[in-house]
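Student: Just passing along the structure, written as structure tokens.
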Amino acid sequence: MRQNDTAMSPQRVLVRRDVALSASELMHSRQVHEHLAGEIAAAGGWISFERYMEIALYAPGLGYYSAGAHKLGHGGDFTTAAQISRLFGACMAQQCADVLRELGAGSILEIGAGSGRLAVDILTRLEALGRLPARYRILEVSADLRERQRRLVRGCVPQLQERVEWLEMPPAAAFDGVILANEVLDALPVARFRWHGTHCEELGVVLEQDRFVWAPRPAGAALSQVCQALAAAGGGWEDGYTSEYCPRLGAWATEVTRALGIGVAMWVDYGLPRAQYYFPERRDGTLLCHFRQRALDDPFLYPGLQDITAWVDFTALAEGCGPAGCELAGFTTQAYFLAGLGIDREMQALARGDANHYARLANEARQLLLPGEMGERFKVMAWSRGMDARLRGFALKDLRHTL
Ligand SMILES: C[S@@+](CC[C@H](N)C(=O)[O-])C[C@H]1O[C@@H](n2cnc3c(N)ncnc32)[C@H](O)[C@@H]1O
């Protein structure tokens, strides 16, 4: 979960920027700055925000996700559902177990495993359920996080470490089973645009007196067409309406699900169906940055040191399903998903009769479930391939009609 996440509110309450940086952090951010400045110069003085975000997050050896500067969990930049509670992984394991049971056997591919907590919790619960996957693969772009995940797996489930393997690219060989990604789609680079009724501008980045600043350009034909469609879906925008859109969402999801033979892919992230995402009231989009549990609205601050995210347009993700050769098998909120998978029973199983432990888990469950916390802002979408998947996580509330 991105703490202090106020992107839903048109009036964001953002935290102070007076963060003390260490000398090595300053040096790292300076290197990323120089790299971005070089890109801008080479491109004639302007790059799209999509390109800026790609470099700031993924430039080899420099980007936030490539260089190992980021931290998860308490004291890190942000905390995810898996970090908040083992209940998240336990429920996710229940859904994986159902699919693996139906298939008879299969593997799991987790994309972007962060600290490795979700992998450990899923494997632990699947072992108890007698439904271990043949392989548990982790596709992770960050070398630093791959190492951290290895250590956690070795420390928590040493008996299962042989089943776990790490990938730097989507798998080439076909497999049956489950693919899951929690809080990964929100990091895919987005294009930023500003609407002016009759025309649309693309917001890019230029360098002015050694500082990155927003710079508009007339949008190309493709982006203009997208904006027209998004404006219609949102219900009409005022002059100056600014938002973002993720051009690579469908292609990326297709790529990472390509090797799935029979099975299910599950995407969990904060986001909305398109009509709500592009509401006229949300006139500044959902772009948000995270640094040490602080939410900032300036993506040009600390390049390489802060996470940059945008909410997921789940209608766009659903549109990617058919071209990827999948069926849309479910869409619901995180609260309904976890409730459908028996979070109450998982609490009892984890607490093992210890009242204090149960009380702690109840607090964690509130964070995962309450509408003001993660319960409604986070959505879960399932794609299936080659199977008629009736998934328990989507049985309580089917929100596909909202897409
Ligand atoms: C916000 S963390 C989520 C971690 C974890 N899923 C959890 O729930 O705690 C994002 C993770 O996705 C990884 N990541 C980001 N972009 C990725 C990409 N394009 N492909 C694969 N992994 C990616 C990051 O390195 C990190 O491990």
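Residue numbering restarts at 1 for every chain of the structure tokens, chains are lettered A, B, ... in their displayed order, and ligands are numbered from 1 as they appear.
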Given a cut-off of 6 Å, what residues near ligand 1 show up using only C-alpha atoms and all ligand atoms, put as an NGL selection string?
Tutor: :A and (65 or 80 or 82-83 or 111-114 or 139-142 or 181-184 or 187)
Student: Which parts of range 88-223 of chain A does DSSP call strand (DSSP E or B) when run on the backbone here, written out as a short mmCIF file (atom, residue, chain, number, x, y, z; two decimals) with all heavy atoms, in the first residue's frame?
Tutor:
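Everything below was put into out26.cif:
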```cif
data_model
loop_
_atom_site.label_atom_id
_atom_site.label_comp_id
_atom_site.auth_asym_id
_atom_site.auth_seq_id
_atom_site.Cartn_x
_atom_site.Cartn_y
_atom_site.Cartn_z
N SER A 107 2.25 -24.80 -11.81
CA SER A 107 3.26 -23.94 -11.19
C SER A 107 2.68 -22.55 -10.96
O SER A 107 1.61 -22.22 -11.46
CB SER A 107 4.49 -23.83 -12.09
OG SER A 107 5.14 -25.08 -12.15
N ILE A 108 3.43 -21.77 -10.19
CA ILE A 108 3.03 -20.38 -9.96
C ILE A 108 4.14 -19.46 -10.46
O ILE A 108 5.32 -19.76 -10.26
CB ILE A 108 2.78 -20.13 -8.45
CG1 ILE A 108 1.57 -20.96 -7.97
CG2 ILE A 108 2.54 -18.64 -8.16
CD1 ILE A 108 1.28 -20.85 -6.49
N LEU A 109 3.74 -18.38 -11.12
CA LEU A 109 4.69 -17.34 -11.50
C LEU A 109 4.25 -16.06 -10.81
O LEU A 109 3.15 -15.57 -11.05
CB LEU A 109 4.67 -17.12 -13.02
CG LEU A 109 5.41 -15.88 -13.53
CD1 LEU A 109 6.92 -15.98 -13.27
CD2 LEU A 109 5.16 -15.67 -15.03
N GLU A 110 5.10 -15.55 -9.92
CA GLU A 110 4.80 -14.26 -9.29
C GLU A 110 5.63 -13.18 -9.97
O GLU A 110 6.84 -13.33 -10.13
CB GLU A 110 5.10 -14.28 -7.77
CG GLU A 110 4.73 -12.95 -7.14
CD GLU A 110 5.03 -12.84 -5.65
OE1 GLU A 110 5.40 -13.85 -5.00
OE2 GLU A 110 4.91 -11.71 -5.13
N ILE A 111 4.98 -12.10 -10.33
CA ILE A 111 5.70 -11.00 -10.98
C ILE A 111 5.93 -9.91 -9.96
O ILE A 111 5.01 -9.48 -9.28
CB ILE A 111 4.87 -10.44 -12.16
CG1 ILE A 111 4.55 -11.57 -13.14
CG2 ILE A 111 5.63 -9.32 -12.86
CD1 ILE A 111 3.49 -11.20 -14.14
N TYR A 136 7.74 -22.52 -8.10
CA TYR A 136 7.29 -21.17 -7.78
C TYR A 136 8.32 -20.25 -8.40
O TYR A 136 9.46 -20.16 -7.92
CB TYR A 136 7.19 -20.96 -6.26
CG TYR A 136 6.43 -19.70 -5.88
CD1 TYR A 136 5.14 -19.78 -5.37
CD2 TYR A 136 6.99 -18.43 -6.05
CE1 TYR A 136 4.42 -18.62 -5.02
CE2 TYR A 136 6.28 -17.28 -5.73
CZ TYR A 136 5.00 -17.39 -5.21
OH TYR A 136 4.28 -16.25 -4.88
N ARG A 137 7.93 -19.61 -9.50
CA ARG A 137 8.89 -18.75 -10.20
C ARG A 137 8.61 -17.29 -9.86
O ARG A 137 7.45 -16.90 -9.71
CB ARG A 137 8.79 -18.93 -11.72
CG ARG A 137 9.14 -20.33 -12.16
CD ARG A 137 9.38 -20.43 -13.65
NE ARG A 137 9.76 -21.78 -13.99
CZ ARG A 137 8.89 -22.74 -14.32
NH1 ARG A 137 7.60 -22.47 -14.37
NH2 ARG A 137 9.31 -23.95 -14.60
N ILE A 138 9.66 -16.55 -9.78
CA ILE A 138 9.53 -15.11 -9.49
C ILE A 138 10.21 -14.34 -10.60
O ILE A 138 11.40 -14.51 -10.85
CB ILE A 138 10.17 -14.77 -8.13
CG1 ILE A 138 9.39 -15.44 -6.99
CG2 ILE A 138 10.22 -13.26 -7.92
CD1 ILE A 138 9.99 -15.22 -5.61
N LEU A 139 9.41 -13.52 -11.30
CA LEU A 139 9.96 -12.62 -12.32
C LEU A 139 10.22 -11.28 -11.65
O LEU A 139 9.29 -10.60 -11.22
CB LEU A 139 8.95 -12.46 -13.46
CG LEU A 139 9.26 -11.40 -14.52
CD1 LEU A 139 10.55 -11.67 -15.23
CD2 LEU A 139 8.11 -11.29 -15.51
N VAL A 164 11.76 -22.89 -5.73
CA VAL A 164 11.65 -21.48 -6.11
C VAL A 164 12.77 -21.12 -7.08
O VAL A 164 13.93 -21.47 -6.85
CB VAL A 164 11.73 -20.57 -4.85
CG1 VAL A 164 11.47 -19.12 -5.22
CG2 VAL A 164 10.73 -21.04 -3.79
N GLU A 165 12.40 -20.44 -8.15
CA GLU A 165 13.44 -20.00 -9.07
C GLU A 165 13.16 -18.59 -9.55
O GLU A 165 12.01 -18.17 -9.60
CB GLU A 165 13.62 -21.01 -10.21
CG GLU A 165 12.79 -20.83 -11.39
CD GLU A 165 12.87 -22.08 -12.31
OE1 GLU A 165 13.33 -23.15 -11.91
OE2 GLU A 165 12.43 -21.93 -13.45
N TRP A 166 14.23 -17.87 -9.87
CA TRP A 166 14.10 -16.46 -10.22
C TRP A 166 14.36 -16.25 -11.71
O TRP A 166 15.24 -16.89 -12.29
CB TRP A 166 15.08 -15.62 -9.39
CG TRP A 166 14.56 -15.38 -8.02
CD1 TRP A 166 13.89 -14.28 -7.59
CD2 TRP A 166 14.63 -16.27 -6.90
NE1 TRP A 166 13.52 -14.42 -6.28
CE2 TRP A 166 13.96 -15.63 -5.82
CE3 TRP A 166 15.15 -17.55 -6.68
CZ2 TRP A 166 13.83 -16.22 -4.56
CZ3 TRP A 166 15.02 -18.13 -5.43
CH2 TRP A 166 14.36 -17.46 -4.39
N LEU A 167 13.55 -15.39 -12.29
CA LEU A 167 13.66 -15.08 -13.71
C LEU A 167 13.87 -13.58 -13.89
O LEU A 167 13.32 -12.79 -13.12
CB LEU A 167 12.38 -15.46 -14.45
CG LEU A 167 11.79 -16.86 -14.22
CD1 LEU A 167 10.45 -16.99 -14.95
CD2 LEU A 167 12.75 -17.92 -14.73
N PHE A 175 3.76 -23.25 -19.31
CA PHE A 175 3.43 -23.93 -18.06
C PHE A 175 1.95 -23.71 -17.75
O PHE A 175 1.33 -22.75 -18.20
CB PHE A 175 4.30 -23.39 -16.89
CG PHE A 175 3.94 -21.99 -16.46
CD1 PHE A 175 3.10 -21.77 -15.38
CD2 PHE A 175 4.42 -20.90 -17.16
CE1 PHE A 175 2.75 -20.48 -14.99
CE2 PHE A 175 4.07 -19.60 -16.79
CZ PHE A 175 3.24 -19.39 -15.71
N ASP A 176 1.38 -24.61 -16.97
CA ASP A 176 0.00 -24.46 -16.50
C ASP A 176 0.05 -23.99 -15.06
O ASP A 176 0.96 -24.35 -14.30
CB ASP A 176 -0.74 -25.80 -16.56
CG ASP A 176 -0.87 -26.32 -17.99
OD1 ASP A 176 -0.78 -25.50 -18.93
OD2 ASP A 176 -1.05 -27.54 -18.15
N GLY A 177 -0.95 -23.24 -14.64
CA GLY A 177 -0.97 -22.83 -13.24
C GLY A 177 -1.48 -21.41 -13.05
O GLY A 177 -2.48 -21.00 -13.66
N VAL A 178 -0.77 -20.65 -12.21
CA VAL A 178 -1.24 -19.33 -11.79
C VAL A 178 -0.14 -18.29 -12.01
O VAL A 178 1.03 -18.56 -11.75
CB VAL A 178 -1.60 -19.35 -10.29
CG1 VAL A 178 -2.05 -17.96 -9.82
CG2 VAL A 178 -2.68 -20.38 -9.99
N ILE A 179 -0.55 -17.12 -12.48
CA ILE A 179 0.35 -15.97 -12.52
C ILE A 179 -0.26 -14.92 -11.59
O ILE A 179 -1.48 -14.72 -11.61
CB ILE A 179 0.45 -15.38 -13.95
CG1 ILE A 179 1.09 -16.41 -14.88
CG2 ILE A 179 1.23 -14.08 -13.96
CD1 ILE A 179 1.21 -15.96 -16.34
N LEU A 180 0.57 -14.28 -10.77
CA LEU A 180 0.01 -13.22 -9.95
C LEU A 180 0.97 -12.04 -9.83
O LEU A 180 2.19 -12.21 -9.87
CB LEU A 180 -0.40 -13.73 -8.57
CG LEU A 180 0.58 -14.54 -7.76
CD1 LEU A 180 1.24 -13.67 -6.72
CD2 LEU A 180 -0.19 -15.67 -7.07
N ALA A 181 0.37 -10.86 -9.73
CA ALA A 181 1.16 -9.63 -9.63
C ALA A 181 0.43 -8.68 -8.67
O ALA A 181 -0.68 -8.24 -8.97
CB ALA A 181 1.31 -8.98 -11.00
N ASN A 182 1.05 -8.41 -7.54
CA ASN A 182 0.46 -7.47 -6.59
C ASN A 182 1.26 -6.17 -6.60
O ASN A 182 2.47 -6.18 -6.33
CB ASN A 182 0.48 -8.07 -5.17
CG ASN A 182 -0.19 -7.15 -4.16
OD1 ASN A 182 -1.29 -6.68 -4.39
ND2 ASN A 182 0.49 -6.89 -3.05
N ALA A 191 1.81 7.86 -19.98
CA ALA A 191 1.85 9.14 -20.70
C ALA A 191 0.97 10.12 -19.92
O ALA A 191 -0.05 9.74 -19.36
CB ALA A 191 1.31 8.96 -22.11
N ARG A 192 1.40 11.37 -19.86
CA ARG A 192 0.64 12.39 -19.12
C ARG A 192 0.07 13.36 -20.16
O ARG A 192 0.77 13.75 -21.12
CB ARG A 192 1.63 13.08 -18.19
CG ARG A 192 1.01 14.01 -17.19
CD ARG A 192 0.91 13.38 -15.83
NE ARG A 192 0.62 14.43 -14.86
CZ ARG A 192 -0.40 14.42 -14.03
NH1 ARG A 192 -1.23 13.42 -13.99
NH2 ARG A 192 -0.60 15.42 -13.19
N PHE A 193 -1.18 13.75 -19.99
CA PHE A 193 -1.79 14.64 -20.98
C PHE A 193 -2.62 15.73 -20.31
O PHE A 193 -3.01 15.62 -19.15
CB PHE A 193 -2.67 13.85 -21.96
CG PHE A 193 -3.82 13.14 -21.30
CD1 PHE A 193 -5.00 13.80 -20.99
CD2 PHE A 193 -3.73 11.78 -20.99
CE1 PHE A 193 -6.05 13.15 -20.37
CE2 PHE A 193 -4.79 11.12 -20.37
CZ PHE A 193 -5.95 11.81 -20.05
N ARG A 194 -2.85 16.81 -21.08
CA ARG A 194 -3.73 17.90 -20.61
C ARG A 194 -4.75 18.18 -21.69
O ARG A 194 -4.40 18.27 -22.88
CB ARG A 194 -2.89 19.15 -20.31
CG ARG A 194 -3.69 20.22 -19.58
CD ARG A 194 -2.78 21.14 -18.79
NE ARG A 194 -1.84 21.82 -19.67
CZ ARG A 194 -0.68 22.34 -19.26
NH1 ARG A 194 -0.30 22.25 -18.01
NH2 ARG A 194 0.12 22.94 -20.11
N TRP A 195 -5.97 18.31 -21.27
CA TRP A 195 -7.10 18.41 -22.19
C TRP A 195 -7.53 19.87 -22.35
O TRP A 195 -7.61 20.61 -21.38
CB TRP A 195 -8.25 17.58 -21.61
CG TRP A 195 -9.54 17.62 -22.32
CD1 TRP A 195 -10.66 18.31 -21.97
CD2 TRP A 195 -9.88 16.90 -23.51
NE1 TRP A 195 -11.66 18.06 -22.85
CE2 TRP A 195 -11.22 17.20 -23.81
CE3 TRP A 195 -9.18 16.04 -24.36
CZ2 TRP A 195 -11.87 16.67 -24.91
CZ3 TRP A 195 -9.83 15.50 -25.45
CH2 TRP A 195 -11.15 15.81 -25.71
N CYS A 200 -5.65 18.32 -27.41
CA CYS A 200 -5.02 17.69 -26.25
C CYS A 200 -3.51 17.91 -26.34
O CYS A 200 -2.94 17.90 -27.44
CB CYS A 200 -5.37 16.21 -26.33
SG CYS A 200 -4.60 15.20 -25.13
N GLU A 201 -2.88 18.12 -25.18
CA GLU A 201 -1.42 18.27 -25.15
C GLU A 201 -0.80 17.07 -24.44
O GLU A 201 -1.37 16.56 -23.48
CB GLU A 201 -1.02 19.51 -24.34
CG GLU A 201 -1.41 20.82 -24.96
CD GLU A 201 -1.17 21.99 -24.01
OE1 GLU A 201 -1.23 21.78 -22.77
OE2 GLU A 201 -0.92 23.08 -24.50
N GLU A 202 0.37 16.69 -24.91
CA GLU A 202 1.12 15.68 -24.15
C GLU A 202 2.10 16.43 -23.25
O GLU A 202 2.81 17.33 -23.69
CB GLU A 202 1.90 14.74 -25.08
CG GLU A 202 2.76 13.78 -24.28
CD GLU A 202 3.25 12.58 -25.04
OE1 GLU A 202 3.13 12.55 -26.28
OE2 GLU A 202 3.77 11.65 -24.38
N LEU A 203 2.13 16.06 -21.98
CA LEU A 203 3.05 16.71 -21.06
C LEU A 203 4.36 15.93 -21.05
O LEU A 203 4.39 14.74 -20.75
CB LEU A 203 2.46 16.77 -19.66
CG LEU A 203 1.21 17.65 -19.53
CD1 LEU A 203 0.68 17.62 -18.11
CD2 LEU A 203 1.51 19.07 -19.96
N GLY A 204 5.41 16.65 -21.37
CA GLY A 204 6.72 16.03 -21.37
C GLY A 204 7.62 16.73 -20.37
O GLY A 204 7.16 17.50 -19.51
N VAL A 205 8.91 16.47 -20.50
CA VAL A 205 9.86 16.98 -19.51
C VAL A 205 11.01 17.70 -20.23
O VAL A 205 11.54 17.17 -21.21
CB VAL A 205 10.43 15.81 -18.67
CG1 VAL A 205 11.33 16.33 -17.56
CG2 VAL A 205 9.32 14.95 -18.11
N VAL A 206 11.33 18.89 -19.74
CA VAL A 206 12.51 19.61 -20.25
C VAL A 206 13.38 20.00 -19.06
O VAL A 206 12.95 19.90 -17.91
CB VAL A 206 12.11 20.90 -21.03
CG1 VAL A 206 11.29 20.57 -22.26
CG2 VAL A 206 11.37 21.88 -20.14
N LEU A 207 14.58 20.42 -19.37
CA LEU A 207 15.50 20.84 -18.31
C LEU A 207 15.60 22.37 -18.35
O LEU A 207 15.90 22.96 -19.39
CB LEU A 207 16.87 20.22 -18.59
CG LEU A 207 17.86 20.16 -17.43
CD1 LEU A 207 17.33 19.33 -16.28
CD2 LEU A 207 19.19 19.57 -17.93
N GLU A 208 15.33 23.02 -17.21
CA GLU A 208 15.45 24.48 -17.13
C GLU A 208 16.30 24.81 -15.92
O GLU A 208 15.93 24.47 -14.79
CB GLU A 208 14.07 25.12 -16.94
CG GLU A 208 13.37 25.44 -18.24
CD GLU A 208 12.01 26.09 -17.99
OE1 GLU A 208 11.75 26.59 -16.88
OE2 GLU A 208 11.20 26.03 -18.93
N ARG A 211 16.92 22.03 -13.64
CA ARG A 211 15.77 21.40 -12.98
C ARG A 211 14.83 20.85 -14.04
O ARG A 211 14.64 21.46 -15.09
CB ARG A 211 14.98 22.43 -12.15
CG ARG A 211 15.75 22.91 -10.92
CD ARG A 211 15.01 24.10 -10.33
NE ARG A 211 13.71 23.67 -9.82
CZ ARG A 211 13.47 23.43 -8.53
NH1 ARG A 211 14.42 23.61 -7.65
NH2 ARG A 211 12.30 23.01 -8.14
N PHE A 212 14.23 19.69 -13.74
CA PHE A 212 13.25 19.14 -14.67
C PHE A 212 11.92 19.87 -14.45
O PHE A 212 11.50 20.07 -13.30
CB PHE A 212 13.05 17.64 -14.43
CG PHE A 212 14.31 16.85 -14.64
CD1 PHE A 212 14.87 16.12 -13.60
CD2 PHE A 212 14.95 16.86 -15.87
CE1 PHE A 212 16.05 15.41 -13.79
CE2 PHE A 212 16.12 16.15 -16.08
CZ PHE A 212 16.67 15.42 -15.02
N VAL A 213 11.28 20.23 -15.54
CA VAL A 213 9.96 20.87 -15.44
C VAL A 213 9.04 20.30 -16.52
O VAL A 213 9.49 19.80 -17.55
CB VAL A 213 10.02 22.42 -15.57
CG1 VAL A 213 10.74 23.06 -14.40
CG2 VAL A 213 10.67 22.83 -16.89
N TRP A 214 7.74 20.39 -16.26
CA TRP A 214 6.75 19.93 -17.24
C TRP A 214 6.78 20.85 -18.46
O TRP A 214 6.93 22.07 -18.32
CB TRP A 214 5.35 20.00 -16.63
CG TRP A 214 5.10 19.02 -15.53
CD1 TRP A 214 5.01 19.31 -14.20
CD2 TRP A 214 4.86 17.62 -15.66
NE1 TRP A 214 4.75 18.15 -13.48
CE2 TRP A 214 4.64 17.10 -14.36
CE3 TRP A 214 4.83 16.74 -16.73
CZ2 TRP A 214 4.39 15.76 -14.11
CZ3 TRP A 214 4.57 15.40 -16.49
CH2 TRP A 214 4.37 14.91 -15.21
N ALA A 215 6.60 20.26 -19.62
CA ALA A 215 6.53 21.07 -20.85
C ALA A 215 5.52 20.42 -21.81
O ALA A 215 5.70 19.27 -22.19
CB ALA A 215 7.90 21.14 -21.50
N PRO A 216 4.46 21.16 -22.16
CA PRO A 216 3.46 20.58 -23.07
C PRO A 216 3.87 20.66 -24.53
O PRO A 216 4.64 21.54 -24.93
CB PRO A 216 2.24 21.45 -22.80
CG PRO A 216 2.78 22.76 -22.35
CD PRO A 216 4.12 22.51 -21.71
N ARG A 217 3.32 19.71 -25.29
CA ARG A 217 3.46 19.71 -26.75
C ARG A 217 2.13 19.26 -27.31
O ARG A 217 1.45 18.47 -26.64
CB ARG A 217 4.49 18.65 -27.18
CG ARG A 217 5.86 19.16 -27.29
CD ARG A 217 6.70 18.15 -28.05
NE ARG A 217 8.04 18.67 -28.21
CZ ARG A 217 9.02 18.03 -28.81
NH1 ARG A 217 8.81 16.82 -29.29
NH2 ARG A 217 10.20 18.56 -28.93
N PRO A 218 1.78 19.66 -28.52
CA PRO A 218 0.53 19.12 -29.09
C PRO A 218 0.62 17.60 -29.13
O PRO A 218 1.63 17.04 -29.54
CB PRO A 218 0.51 19.70 -30.51
CG PRO A 218 1.41 20.89 -30.45
CD PRO A 218 2.46 20.59 -29.42
#
```
Student: Under the rule that only C-alpha atoms are counted, which of A:Ala143, A:Ile55, A:Ala389, A:Ala316 is the nearest residue to Gly38 in chain A?
Tutor: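 So, comparing all the options, the nearest one is A:Ile55.
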Student: Which residues come within 8 Å of Gln334 in chain A, counting only C-alpha atoms, excluding same-chain residues fewer than 6 positions away, as a CSV table (one decimal) with N, CA, C and O atoms, in the first residue's frame?
Tutor:
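After the write, selection_20.csv holds the following:
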```csv
chain,number,residue,atom,x,y,z
A,268,VAL,N,-3.5,-7.5,-8.9
A,268,VAL,CA,-4.0,-6.8,-7.8
A,268,VAL,C,-3.3,-5.4,-7.8
A,268,VAL,O,-2.1,-5.3,-7.9
A,368,LEU,N,-6.6,-4.3,5.5
A,368,LEU,CA,-6.8,-4.9,4.2
A,368,LEU,C,-8.2,-4.7,3.6
A,368,LEU,O,-8.4,-4.7,2.4
A,369,LEU,N,-9.2,-4.7,4.6
A,369,LEU,CA,-10.6,-4.8,4.1
A,369,LEU,C,-11.4,-3.4,4.1
A,369,LEU,O,-12.3,-3.3,3.4
A,374,MET,N,-7.4,-0.2,2.4
A,374,MET,CA,-7.1,-0.8,1.1
A,374,MET,C,-8.3,-1.5,0.5
A,374,MET,O,-8.3,-1.9,-0.7
A,375,GLY,N,-9.4,-1.7,1.2
A,375,GLY,CA,-10.5,-2.6,0.8
A,375,GLY,C,-11.1,-2.3,-0.5
A,375,GLY,O,-11.4,-3.2,-1.3
A,376,GLU,N,-11.3,-1.0,-0.8
A,376,GLU,CA,-12.0,-0.6,-2.0
A,376,GLU,C,-11.1,-0.1,-3.1
A,376,GLU,O,-11.3,-0.2,-4.2
A,377,ARG,N,-10.0,0.6,-2.6
A,377,ARG,CA,-9.1,1.2,-3.6
A,377,ARG,C,-8.4,0.2,-4.4
A,377,ARG,O,-8.1,0.4,-5.6
A,378,PHE,N,-8.1,-0.9,-3.7
A,378,PHE,CA,-7.4,-2.0,-4.4
A,378,PHE,C,-8.5,-2.9,-5.1
A,378,PHE,O,-9.5,-3.3,-4.5
A,379,LYS,N,-8.2,-3.3,-6.3
A,379,LYS,CA,-9.1,-4.2,-7.1
A,379,LYS,C,-8.3,-5.4,-7.5
A,379,LYS,O,-7.0,-5.4,-7.5
A,380,VAL,N,-9.0,-6.5,-7.7
A,380,VAL,CA,-8.4,-7.7,-8.2
A,380,VAL,C,-9.1,-8.1,-9.5
A,380,VAL,O,-10.3,-8.1,-9.6
```
Student: As number ranges by chain, please: every residue in range 43-260 of chain A that DSSP puts in alpha helix (DSSP H).
Tutor: A: 49-58, 81-84, 86-103, 117-129, 143-156, 221-234, 249-257
Student: CA of Asp186 in chain A and CA of Asp344 in chain A are how many Å apart?
Tutor: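 It comes out at 28.5 Å.
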Student: Would you mind listing what lies within 12 Å of Leu21 in chain A as a ChimeraX atom specification, with only C-alpha atoms counted and same-chain residues fewer than 3 positions away left out?
Tutor: /A:17-18,24-30,291-292,301-302,305-306
Student: Write to file, as a short mmCIF file (atom, residue, chain, number, x, y, z; two decimals), in the first residue's frame, the residues of the selection just made, with C-alpha atoms.
Tutor:
```
data_model
loop_
_atom_site.label_atom_id
_atom_site.label_comp_id
_atom_site.auth_asym_id
_atom_site.auth_seq_id
_atom_site.Cartn_x
_atom_site.Cartn_y
_atom_site.Cartn_z
CA ARG A 17 9.62 17.49 1.36
CA ASP A 18 12.26 18.17 3.98
CA SER A 24 25.30 8.27 -1.33
CA GLU A 25 21.62 8.92 -1.98
CA LEU A 26 22.43 12.42 -3.21
CA MET A 27 25.16 11.04 -5.44
CA HIS A 28 22.89 8.36 -6.84
CA SER A 29 20.08 10.78 -7.55
CA ARG A 30 22.58 13.11 -9.23
CA PHE A 291 9.63 8.10 -0.64
CA ARG A 292 10.08 6.78 2.89
CA LEU A 301 12.17 15.26 -7.00
CA TYR A 302 14.88 12.71 -6.10
CA LEU A 305 15.21 7.49 -5.20
CA GLN A 306 11.44 7.68 -5.19
#
```
Student: Would you mind telling me which residue in A:Gly44, A:Pro189, A:Pro323, A:Pro299 lies nearest to Trp311 in chain A when using only C-alpha atoms?
Tutor: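 Going through A:Gly44, A:Pro189, A:Pro323, A:Pro299 one by one, the smallest distance to Trp311 in chain A is for A:Pro189.
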Student: Go through A:Leu399, A:Glu319, A:Arg392, A:Asp284 and flag the residue nearest Thr333 in chain A, using only C-alpha atoms for the distances.
Tutor: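 Looking at the shortest contact to Thr333 in chain A, the residue is A:Leu399.
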Student: Tell me which protein, DNA and RNA residues are within 10 Å of Leu103 in chain A, counting only C-alpha atoms, leaving out same-chain ones fewer than 2 positions away, and put them as a PyMOL selection string.
Tutor: chain A and resi 97-101+105-106+176-177+262-263+387
Student: Smallest atom-to-atom distance to Pro371 in chain A: which of A:Ala335, A:Val153, A:Leu317, A:Ala233, using only C-alpha atoms?
Tutor: A:Ala335
Student: Please provide as an MDAnalysis selection string all residues within 9 Å of Ala67 in chain A, with the sequence filter that same-chain residues fewer than 5 positions apart are discarded (counting only C-alpha atoms).
Tutor: chainID A and resid 57:62 142:144 304
Student: Of the candidates A:Thr315, A:Gly235, A:Arg283, A:Tyr270, which one gets nearest to Glu373 in chain A if we count only C-alpha atoms?
Tutor: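 Ranked by minimum distance to Glu373 in chain A, first place goes to A:Tyr270.
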Student: Please determine, counting only C-alpha atoms, which residue among A:Tyr64, A:Tyr278, A:Trp383, A:Tyr52 has the shortest atom-to-atom distance to Thr254 in chain A.
Tutor: A:Trp383
